[in-house]
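Just protein-v3.cif here, mmCIF, C-alpha atoms:
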data_final
loop_
_atom_site.label_atom_id
_atom_site.label_comp_id
_atom_site.auth_asym_id
_atom_site.auth_seq_id
_atom_site.Cartn_x
_atom_site.Cartn_y
_atom_site.Cartn_z
CA LEU Q 242 -69.48 28.19 39.48
CA GLN Q 243 -66.30 29.82 40.79
CA PRO Q 244 -64.29 32.24 38.62
CA LYS Q 245 -60.90 30.87 37.57
CA ASN Q 246 -57.78 32.25 39.19
CA PRO Q 247 -55.61 33.86 36.47
CA VAL Q 248 -52.48 32.26 38.00
CA SER Q 249 -53.99 28.76 38.06
CA GLU Q 250 -55.34 29.25 34.54
CA GLU Q 251 -51.83 30.12 33.30
CA LYS Q 252 -50.39 27.08 35.10
CA GLU Q 253 -52.96 24.76 33.51
CA SER Q 254 -52.20 26.24 30.10
CA GLN Q 255 -48.47 25.64 30.60
CA GLU Q 256 -49.09 22.04 31.67
CA GLU Q 257 -51.21 21.46 28.57
CA THR Q 258 -48.40 22.92 26.44
CA ASN Q 259 -45.80 20.68 28.11
CA THR Q 260 -48.06 17.67 27.63
CA ALA Q 261 -48.47 18.54 23.98
CA GLU Q 262 -44.70 18.93 23.55
CA LYS Q 263 -44.08 15.59 25.23
CA GLY Q 264 -46.61 14.11 22.93
CA THR Q 265 -44.52 15.13 19.93
CA GLU Q 266 -41.50 13.15 21.19
CA TRP Q 267 -41.49 9.88 19.28
CA SER Q 268 -39.04 7.24 18.14
CA LEU Q 269 -38.72 4.97 15.15
CA LYS Q 270 -37.25 1.48 15.19
CA ILE Q 271 -37.06 -0.92 12.27
CA ASP Q 272 -36.18 -4.49 13.09
CA ASP Q 273 -35.07 -5.60 9.64
CA ILE Q 274 -34.28 -3.98 6.26
CA SER Q 275 -33.16 -6.10 3.32
CA LEU Q 276 -32.10 -5.16 -0.20
CA LYS Q 277 -31.13 -8.21 -2.20
CA LYS Q 278 -29.45 -8.95 -5.52
CA ILE Q 279 -29.20 -5.40 -6.87
CA ALA Q 280 -27.51 -5.40 -10.31
CA VAL Q 281 -26.25 -2.45 -12.34
CA ASN Q 282 -24.12 -1.99 -15.48
CA LEU Q 283 -22.10 1.22 -15.77
CA ASN Q 284 -20.07 2.61 -18.67
CA ASP Q 285 -17.74 5.52 -17.92
CA GLU Q 286 -16.81 7.34 -21.11
CA SER Q 287 -15.04 10.18 -19.29
CA VAL Q 288 -11.80 8.17 -19.67
CA LYS Q 289 -10.24 6.66 -22.77
CA PRO Q 290 -10.71 3.81 -23.33
CA SER Q 291 -14.06 3.77 -21.55
CA VAL Q 292 -14.40 1.63 -18.44
CA LYS Q 293 -17.30 -0.76 -18.04
CA THR Q 294 -18.25 -1.82 -14.53
CA LYS Q 295 -20.63 -4.70 -13.98
CA LEU Q 296 -22.24 -4.88 -10.57
CA ASN Q 297 -23.30 -8.51 -10.63
CA GLU Q 298 -24.91 -8.55 -7.24
CA LEU Q 299 -25.26 -6.28 -4.21
CA SER Q 300 -27.14 -7.35 -1.08
CA ILE Q 301 -27.56 -5.15 2.01
CA GLY Q 302 -29.07 -6.19 5.34
CA LEU Q 303 -29.77 -3.84 8.28
CA LYS Q 304 -31.11 -4.81 11.72
CA ASN Q 305 -32.26 -2.82 14.75
CA VAL Q 306 -32.25 0.54 12.99
CA THR Q 307 -33.36 3.49 15.16
CA LEU Q 308 -33.93 7.11 14.22
CA ALA Q 309 -32.14 8.54 17.26
CA GLY Q 310 -29.10 6.35 16.74
CA GLU Q 311 -28.44 5.89 20.45
CA GLU Q 312 -28.45 2.12 19.97
CA LYS Q 313 -26.26 0.17 17.57
CA PHE Q 314 -27.69 -1.14 14.35
CA PHE Q 315 -26.07 -4.03 12.56
CA TYR Q 316 -25.29 -4.33 8.88
CA ASP Q 317 -24.16 -6.98 6.41
CA ILE Q 318 -23.07 -6.18 2.84
CA GLU Q 319 -22.17 -8.65 0.07
CA LEU Q 320 -20.83 -7.47 -3.27
CA LEU Q 321 -19.81 -9.17 -6.52
CA LEU Q 322 -18.23 -6.93 -9.16
CA ASN Q 323 -17.09 -7.67 -12.71
CA ASP Q 324 -17.76 -11.41 -12.30
CA ARG Q 325 -14.72 -11.71 -10.04
CA PHE Q 326 -14.19 -9.12 -7.32
CA ARG Q 327 -15.98 -10.18 -4.15
CA CYS Q 328 -16.31 -8.05 -1.05
CA ASP Q 329 -18.09 -8.84 2.25
CA SER Q 330 -18.48 -6.41 5.13
CA SER Q 331 -20.33 -6.71 8.43
CA GLY Q 332 -20.43 -4.75 11.65
CA SER Q 333 -22.34 -2.22 13.72
CA VAL Q 334 -23.04 1.51 13.57
CA LYS Q 335 -24.06 3.92 16.31
CA HIS Q 336 -24.56 7.42 14.94
CA ALA Q 337 -25.80 9.55 17.85
CA VAL Q 338 -22.18 9.60 18.96
CA LEU Q 339 -20.35 8.11 15.99
CA ASN Q 340 -19.07 4.60 16.63
CA ILE Q 341 -18.56 2.20 13.72
CA GLU Q 342 -17.16 -1.31 14.09
CA THR Q 343 -16.51 -3.31 10.94
CA TYR Q 344 -14.87 -6.40 9.51
CA THR Q 345 -14.30 -6.26 5.76
CA LYS Q 346 -12.80 -8.83 3.40
CA CYS Q 347 -12.27 -8.26 -0.33
CA LYS Q 348 -10.47 -10.45 -2.86
CA ASP Q 349 -9.68 -10.75 -6.57
CA PHE Q 350 -9.77 -7.06 -7.46
CA ASP Q 351 -8.47 -6.78 -11.04
CA ILE Q 352 -6.35 -3.60 -11.03
CA VAL Q 353 -5.80 -3.73 -14.79
CA HIS Q 354 -9.55 -3.39 -15.42
CA TYR Q 355 -9.32 0.16 -14.04
CA ARG Q 356 -5.96 1.00 -15.64
CA PRO Q 357 -7.46 3.85 -17.75
CA TYR Q 358 -8.01 5.82 -14.52
CA ILE Q 359 -4.38 5.25 -13.50
CA ASP Q 360 -3.14 6.27 -16.95
CA GLN Q 361 -5.30 9.39 -17.04
CA LEU Q 362 -4.14 10.52 -13.60
CA ALA Q 363 -0.51 9.88 -14.51
CA SER Q 364 -0.72 11.73 -17.82
CA GLN Q 365 -2.21 14.75 -16.04
CA ASN Q 366 0.50 14.89 -13.37
CA LEU Q 367 3.65 13.50 -14.99
CA LYS Q 368 5.91 14.78 -17.76
CA THR Q 369 6.97 11.24 -18.70
CA TYR Q 370 4.94 8.09 -18.06
CA ASN Q 371 6.47 5.21 -19.96
CA VAL Q 372 5.18 2.26 -17.93
CA MET Q 373 2.03 0.19 -18.17
CA LEU Q 374 0.53 -2.25 -15.71
CA GLN Q 375 -0.06 -5.54 -17.50
CA GLU Q 376 -1.28 -7.73 -14.65
CA GLY Q 377 -2.20 -7.25 -11.01
CA VAL Q 378 -4.78 -8.60 -8.58
CA ALA Q 379 -5.38 -7.16 -5.10
CA GLY Q 380 -7.20 -8.14 -1.93
CA PHE Q 381 -7.37 -7.28 1.77
CA ASP Q 382 -9.14 -8.01 5.04
CA LEU Q 383 -9.26 -5.92 8.21
CA ASN Q 384 -11.00 -5.09 11.45
CA ALA Q 385 -11.58 -1.36 11.82
CA SER Q 386 -13.25 1.14 14.14
CA LEU Q 387 -14.30 4.73 13.54
CA ARG Q 388 -14.99 6.60 16.77
CA SER Q 389 -15.86 10.15 17.73
CA GLU Q 390 -13.80 11.03 20.80
CA GLU Q 391 -13.07 14.40 22.36
CA ASN Q 392 -14.35 16.43 19.40
CA GLN Q 393 -12.38 14.45 16.85
CA THR Q 394 -12.88 11.32 14.82
CA ASN Q 395 -10.26 8.60 15.19
CA VAL Q 396 -9.62 5.52 13.09
CA PHE Q 397 -8.34 2.27 14.56
CA VAL Q 398 -7.33 -0.69 12.38
CA HIS Q 399 -6.10 -4.04 13.62
CA ASN Q 400 -5.45 -7.53 12.22
CA ALA Q 401 -5.21 -6.04 8.73
CA ASN Q 402 -3.79 -8.03 5.82
CA ALA Q 403 -3.31 -6.99 2.20
CA ALA Q 404 -1.78 -8.52 -0.91
CA VAL Q 405 -1.06 -7.77 -4.55
CA ASP Q 406 -0.53 -10.90 -6.66
CA LYS Q 407 0.64 -11.71 -10.20
CA PHE Q 408 2.05 -8.24 -10.83
CA VAL Q 409 3.61 -7.48 -14.23
CA LEU Q 410 4.89 -4.08 -15.36
CA GLN Q 411 6.09 -3.28 -18.88
CA ARG Q 412 7.34 -0.34 -20.92
CA ARG Q 413 4.75 1.48 -23.00
CA GLU Q 414 7.27 1.92 -25.79
CA GLY Q 415 8.15 -1.49 -27.15
CA GLY Q 416 6.07 -3.43 -24.61
CA SER Q 417 9.04 -5.20 -22.99
CA LYS Q 418 8.60 -6.55 -19.47
CA ILE Q 419 10.65 -4.62 -16.90
CA ALA Q 420 9.40 -5.95 -13.55
CA GLU Q 421 7.18 -8.59 -12.02
CA PHE Q 422 6.53 -10.31 -8.73
CA LYS Q 423 4.48 -13.27 -7.58
CA SER Q 424 3.09 -11.57 -4.48
CA PHE Q 425 3.52 -8.56 -2.21
CA GLU Q 426 2.02 -9.21 1.23
CA ILE Q 427 1.36 -7.11 4.33
CA LYS Q 428 0.40 -9.16 7.38
CA ASN Q 429 -1.12 -8.24 10.73
CA ALA Q 430 -1.01 -4.45 10.42
CA ALA Q 431 -2.42 -2.00 12.96
CA LEU Q 432 -3.13 1.73 12.78
CA SER Q 433 -4.18 4.34 15.33
CA THR Q 434 -4.78 7.91 14.16
CA LYS Q 435 -5.24 8.89 17.80
CA LYS Q 436 -1.75 7.79 18.83
CA LYS Q 437 -0.34 8.30 15.31
CA GLU Q 438 1.13 4.84 15.24
CA VAL Q 439 1.49 2.18 12.54
CA PHE Q 440 2.65 -1.33 13.33
CA ILE Q 441 3.17 -4.11 10.77
CA ASP Q 442 4.16 -7.62 11.74
CA ARG Q 443 5.54 -8.71 8.34
CA VAL Q 444 6.03 -7.43 4.80
CA SER Q 445 7.02 -9.97 2.14
CA LEU Q 446 7.94 -9.50 -1.52
CA ASN Q 447 8.07 -12.87 -3.27
CA SER Q 448 9.70 -13.82 -6.60
CA LEU Q 449 10.57 -10.28 -7.67
CA GLY Q 450 12.04 -10.08 -11.15
CA ILE Q 451 13.75 -6.99 -12.63
CA TYR Q 452 14.78 -7.03 -16.29
CA ALA Q 453 17.33 -4.38 -17.23
CA LYS Q 454 18.76 -3.80 -20.71
CA ARG Q 455 21.36 -1.47 -22.17
CA ASP Q 456 21.30 -0.99 -25.92
CA LYS Q 457 24.18 -0.20 -28.27
CA ASN Q 458 23.60 3.51 -27.68
CA LYS Q 459 24.23 2.83 -23.97
CA GLU Q 460 20.66 3.74 -23.02
CA ILE Q 461 19.21 1.71 -20.14
CA ASN Q 462 15.56 0.68 -20.39
CA LEU Q 463 14.84 1.36 -16.69
CA LEU Q 464 15.88 5.01 -16.78
CA GLY Q 465 13.54 7.90 -17.51
CA LEU Q 466 10.38 5.84 -17.19
CA ILE Q 467 8.62 8.33 -14.90
CA GLU Q 468 9.41 12.03 -14.64
CA PRO Q 469 7.44 14.76 -12.83
CA LYS Q 470 6.40 17.94 -14.56
CA ASP Q 471 8.72 20.92 -14.20
CA GLU Q 472 6.27 22.83 -11.99
CA GLN Q 473 6.10 19.85 -9.62
CA LYS Q 474 9.88 19.88 -9.33
CA SER Q 475 9.82 23.57 -8.37
CA VAL Q 476 7.04 22.97 -5.82
CA ALA Q 477 8.98 20.10 -4.30
CA LYS Q 478 12.09 22.25 -4.13
CA SER Q 479 10.32 25.16 -2.47
CA GLY Q 480 8.53 22.78 -0.11
CA SER Q 481 11.86 21.43 1.10
CA LYS Q 482 12.60 24.73 2.82
CA THR Q 483 11.91 24.78 6.52
CA THR Q 484 8.95 26.83 7.64
CA LYS Q 485 8.37 28.46 10.96
CA GLY Q 486 5.52 27.38 13.16
CA LYS Q 487 4.37 24.26 14.86
CA GLU Q 488 4.88 21.09 12.86
CA GLU Q 489 2.42 18.25 13.05
CA ALA Q 490 3.84 15.21 14.80
CA ALA Q 491 4.92 12.44 12.44
CA TYR Q 492 3.53 8.93 12.64
CA LYS Q 493 5.57 6.31 14.46
CA VAL Q 494 6.09 3.35 12.14
CA ALA Q 495 7.39 -0.06 13.19
CA LEU Q 496 7.93 -3.14 11.02
CA LYS Q 497 8.88 -6.37 12.77
CA TYR Q 498 9.94 -8.42 9.74
CA PHE Q 499 10.76 -7.67 6.10
CA ASP Q 500 11.43 -10.52 3.66
CA LEU Q 501 12.59 -10.39 0.05
CA ASN Q 502 12.32 -13.97 -1.17
CA SER Q 503 13.69 -15.56 -4.37
CA ALA Q 504 14.29 -12.32 -6.25
CA LYS Q 505 16.32 -11.97 -9.44
CA VAL Q 506 17.86 -9.22 -11.55
CA ILE Q 507 18.84 -9.88 -15.18
CA PHE Q 508 20.99 -7.31 -16.97
CA ASP Q 509 21.38 -7.76 -20.74
CA ASP Q 510 24.11 -5.37 -21.85
CA LYS Q 511 24.57 -4.75 -25.57
CA GLY Q 512 26.50 -1.57 -24.89
CA VAL Q 513 29.80 -3.47 -24.63
CA ASP Q 514 31.67 -5.32 -27.37
CA LYS Q 515 30.12 -8.76 -28.05
CA GLY Q 516 27.54 -8.04 -25.34
CA ALA Q 517 27.31 -9.34 -21.80
CA LYS Q 518 24.60 -10.83 -19.62
CA THR Q 519 24.64 -10.78 -15.84
CA THR Q 520 22.18 -12.77 -13.74
CA LEU Q 521 21.73 -12.17 -10.05
CA ASP Q 522 19.23 -14.67 -8.67
CA LYS Q 523 18.22 -16.50 -5.51
CA ILE Q 524 18.32 -13.09 -3.86
CA GLU Q 525 17.28 -13.26 -0.21
CA LEU Q 526 17.09 -10.25 2.08
CA HIS Q 527 15.70 -10.46 5.59
CA ALA Q 528 15.50 -7.62 8.10
CA LYS Q 529 13.81 -7.30 11.48
CA ASN Q 530 12.83 -4.64 13.99
CA ILE Q 531 12.74 -1.72 11.54
CA SER Q 532 11.48 1.46 13.17
CA SER Q 533 11.09 5.13 12.29
CA LYS Q 534 12.29 6.02 15.79
CA GLU Q 535 15.42 8.13 15.64
CA GLY Q 536 18.53 6.18 16.57
CA SER Q 537 16.84 2.78 16.23
CA LYS Q 538 18.75 -0.21 14.88
CA PHE Q 539 17.68 -3.16 12.74
CA ALA Q 540 19.42 -6.38 11.76
CA TYR Q 541 19.75 -7.64 8.18
CA ASP Q 542 20.93 -10.77 6.36
CA MET Q 543 21.43 -10.89 2.57
CA ALA Q 544 22.51 -13.51 0.03
CA ILE Q 545 22.83 -13.34 -3.80
CA ARG Q 546 23.89 -15.90 -6.39
CA VAL Q 547 25.95 -14.43 -9.25
CA ASN Q 548 25.85 -15.96 -12.74
CA GLY Q 549 25.01 -19.45 -11.53
CA LYS Q 550 27.94 -20.18 -9.21
CA GLY Q 551 29.29 -17.04 -7.54
CA ALA Q 552 27.85 -15.66 -4.32
CA VAL Q 553 27.60 -12.43 -2.37
CA LYS Q 554 26.65 -12.49 1.31
CA SER Q 555 26.31 -9.77 3.90
CA LYS Q 556 24.81 -9.43 7.35
CA GLY Q 557 24.95 -7.00 10.21
CA ASP Q 558 23.16 -4.08 11.84
CA ILE Q 559 22.11 -0.69 10.52
CA LYS Q 560 21.17 2.34 12.59
CA HIS Q 561 19.62 5.43 11.07
CA THR Q 562 19.66 9.10 12.09
CA PRO Q 563 22.63 9.23 12.23
CA PHE Q 564 23.47 6.43 9.82
CA GLU Q 565 25.72 3.65 11.14
CA GLN Q 566 26.49 0.20 9.74
CA LYS Q 567 28.42 -2.69 11.18
CA GLY Q 568 28.63 -6.19 9.74
CA SER Q 569 30.37 -8.65 7.45
CA PHE Q 570 30.70 -8.95 3.66
CA GLU Q 571 31.67 -12.00 1.63
CA LEU Q 572 32.39 -12.64 -2.06
CA LYS Q 573 32.73 -16.25 -3.15
CA LYS Q 574 33.81 -17.60 -6.54
CA ILE Q 575 32.95 -14.49 -8.54
CA SER Q 576 34.04 -15.23 -12.11
CA LEU Q 577 36.61 -12.74 -13.38
CA LYS Q 578 35.96 -13.85 -16.94
CA ASP Q 579 32.46 -12.33 -16.66
CA LEU Q 580 34.13 -8.96 -16.05
CA THR Q 581 36.20 -9.11 -19.26
CA PRO Q 582 33.77 -7.12 -21.48
CA TYR Q 583 33.91 -4.19 -19.05
CA LEU Q 584 37.66 -4.43 -18.49
CA GLN Q 585 38.25 -4.43 -22.24
CA GLU Q 586 36.07 -1.38 -22.62
CA ALA Q 587 37.94 0.53 -19.93
CA ALA Q 588 41.54 -0.75 -20.13
CA TYR Q 589 41.78 -3.30 -22.98
CA ILE Q 590 42.40 -6.10 -20.47
CA LYS Q 591 41.21 -9.64 -21.14
CA ILE Q 592 40.85 -12.32 -18.46
CA ASP Q 593 40.33 -15.90 -19.64
CA ASP Q 594 39.80 -17.50 -16.23
CA GLY Q 595 39.91 -16.84 -12.51
CA GLU Q 596 37.69 -16.33 -9.50
CA LEU Q 597 37.46 -13.69 -6.82
CA SER Q 598 36.72 -14.50 -3.18
CA LEU Q 599 36.79 -12.08 -0.28
CA ASN Q 600 35.90 -11.94 3.41
CA ALA Q 601 35.67 -8.58 5.13
CA LYS Q 602 34.28 -6.76 8.14
CA THR Q 603 32.49 -3.52 7.36
CA THR Q 604 31.83 -0.47 9.51
CA TYR Q 605 30.52 2.96 8.62
CA LYS Q 606 29.53 5.88 10.79
CA GLN Q 607 28.07 9.12 9.54
CA LYS Q 608 29.85 12.13 10.93
#
What does the file become when written as structure tokens?
Amino acid sequence: LQPKNPVSEEKESQEETNTAEKGTEWSLKIDDISLKKIAVNLNDESVKPSVKTKLNELSIGLKNVTLAGEEKFFYDIELLLNDRFRCDSSGSVKHAVLNIETYTKCKDFDIVHYRPYIDQLASQNLKTYNVMLQEGVAGFDLNASLRSEENQTNVFVHNANAAVDKFVLQRREGGSKIAEFKSFEIKNAALSTKKKEVFIDRVSLNSLGIYAKRDKNKEINLLGLIEPKDEQKSVAKSGSKTTKGKEEAAYKVALKYFDLNSAKVIFDDKGVDKGAKTTLDKIELHAKNISSKEGSKFAYDMAIRVNGKGAVKSKGDIKHTPFEQKGSFELKKISLKDLTPYLQEAAYIKIDDGELSLNAKTTYKQK
């Protein structure tokens, strides 16, 4: 037997230690995880009235899940809520360096079901809150990415669409309907928090209805519906002052098309002698190439029918910052008799018949 060399003994000990450490390195991979048809009933009594949420069914599927997260795992989620709201989401997640890719589609979300939360938040933050949502259903679908890049997390959204349908808003006091629309749609939207850009291909507001009334005391039902608390007014006023220091860059926003289709405004005026009713309907407003870029210009085209046979039309271009407008304006067969109640109130003039028509070019430039 030969005595061991202290140096070689130390080397062997170190190798054994390294081998032991390597032996502790291990990985975990799960090919498939499934949770199916989870159901829960919840009752939130922290708001009045209480809100009941029925989770009809929740199914979650995960594939290729690893502990280290260096490889992507894939997920699929299906949700049915309150017998109606359905949401499906699928995609991949890599969490060693965060990278999430997802496609999500949700439809038939009943906004009114969760109105108590809206009312509670409004009552806490507003001095006056005299509106109530009576109907409203929402849905959306989008492709989105969440990525960790250069020590920050960025969100990218593309091919996003959203809609609110069957919207009805009424006054709390009296319960009269003040506004409604058939649908509000956002199509093909994109967002990049890295570039701070928002692009929307089209925004459409369809069959908007606004119902205005003035009573005999000359109070208009659309005024004073929402008012901020006094302290919020003071905060807003103080916040309007410019502050020194570096300001965060604003997002660039671009909207290719905006469409207001088949809108109407009905004004029932009991504040004048014998009353008067004005109906503006078949309102169409189309604009394109709207941008937040300073000095940008967009084109518009508008048409309104007045009391069944008159018409107002206007089209042209508008540039903002500084504001400039150039276009044309047309009045056609506007009944002067409809103006009699207001003329009598102001100057005791009565018009039995007559029509007003006008063609004009309009220009305005902010100095």
* the PyMOL selection byres ((chain Q and resi 545) around 8) applied to the shown file, residues as a VMD selection string -> chain Q and resid 521 to 525 543 to 544 546 to 547 552 to 554
* To do: Decode the PyMOL selection byres ((chain Q and resi 445) around 9) for the given file into explicit residues and return them as JSON, numbers by chain.
  => {"Q": [424, 425, 426, 427, 428, 443, 444, 446, 447, 498, 499, 500, 501, 502]}
* **For Gly568 (chain Q): contacts at 6 Å, only C-alpha atoms, fewer than 5 positions along chain excluded, given as a ChimeraX atom specification** => /Q:556-557,602-603
Could you please take those selected residues and save C-alpha atoms as a tab-separated table (two decimals), keeping the file's coordinate frame?
chain	number	residue	atom	x	y	z
Q	556	LYS	CA	24.81	-9.43	7.35
Q	557	GLY	CA	24.95	-7.00	10.21
Q	602	LYS	CA	34.28	-6.76	8.14
Q	603	THR	CA	32.49	-3.52	7.36
* **Nearest-residue call for Leu496 (chain Q), choices Q:Lys515, Q:Lys538, Q:Lys578, Q:Lys459, using only C-alpha atoms** =>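 Checking each candidate against Leu496 (chain Q), we get Q:Lys538 as the closest.
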* To do: Write out as a ChimeraX atom specification each polymer residue whose atoms come within 8 Å of Leu597 (chain Q), counting all atoms listed in the file; drop sequence neighbours fewer than 2 positions from it.
  => /Q:572-577,595,599
* Asked: What is the CA of Asn600 (chain Q)-CA of Lys529 (chain Q) distance in Å, reported with one decimal?
  ->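 One can read the CA of Asn600 (chain Q) to CA of Lys529 (chain Q) distance as 24.0 Å.
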Expansion of the PyMOL selection byres ((chain Q and resi 396) around 12) into residues, as a compact mmCIF listing (two decimals) with C-alpha atoms, keeping the file's coordinate frame:
# COMPACT_ATOMS: atom_id res chain seq x y z
CA LEU Q 339 -20.35 8.11 15.99
CA ASN Q 340 -19.07 4.60 16.63
CA ILE Q 341 -18.56 2.20 13.72
CA GLU Q 342 -17.16 -1.31 14.09
CA THR Q 343 -16.51 -3.31 10.94
CA ASN Q 384 -11.00 -5.09 11.45
CA ALA Q 385 -11.58 -1.36 11.82
CA SER Q 386 -13.25 1.14 14.14
CA LEU Q 387 -14.30 4.73 13.54
CA ARG Q 388 -14.99 6.60 16.77
CA SER Q 389 -15.86 10.15 17.73
CA GLU Q 390 -13.80 11.03 20.80
CA GLN Q 393 -12.38 14.45 16.85
CA THR Q 394 -12.88 11.32 14.82
CA ASN Q 395 -10.26 8.60 15.19
CA PHE Q 397 -8.34 2.27 14.56
CA VAL Q 398 -7.33 -0.69 12.38
CA HIS Q 399 -6.10 -4.04 13.62
CA ALA Q 431 -2.42 -2.00 12.96
CA LEU Q 432 -3.13 1.73 12.78
CA SER Q 433 -4.18 4.34 15.33
CA THR Q 434 -4.78 7.91 14.16
CA LYS Q 435 -5.24 8.89 17.80
CA LYS Q 436 -1.75 7.79 18.83
CA LYS Q 437 -0.34 8.30 15.31
CA GLU Q 438 1.13 4.84 15.24
CA VAL Q 439 1.49 2.18 12.54
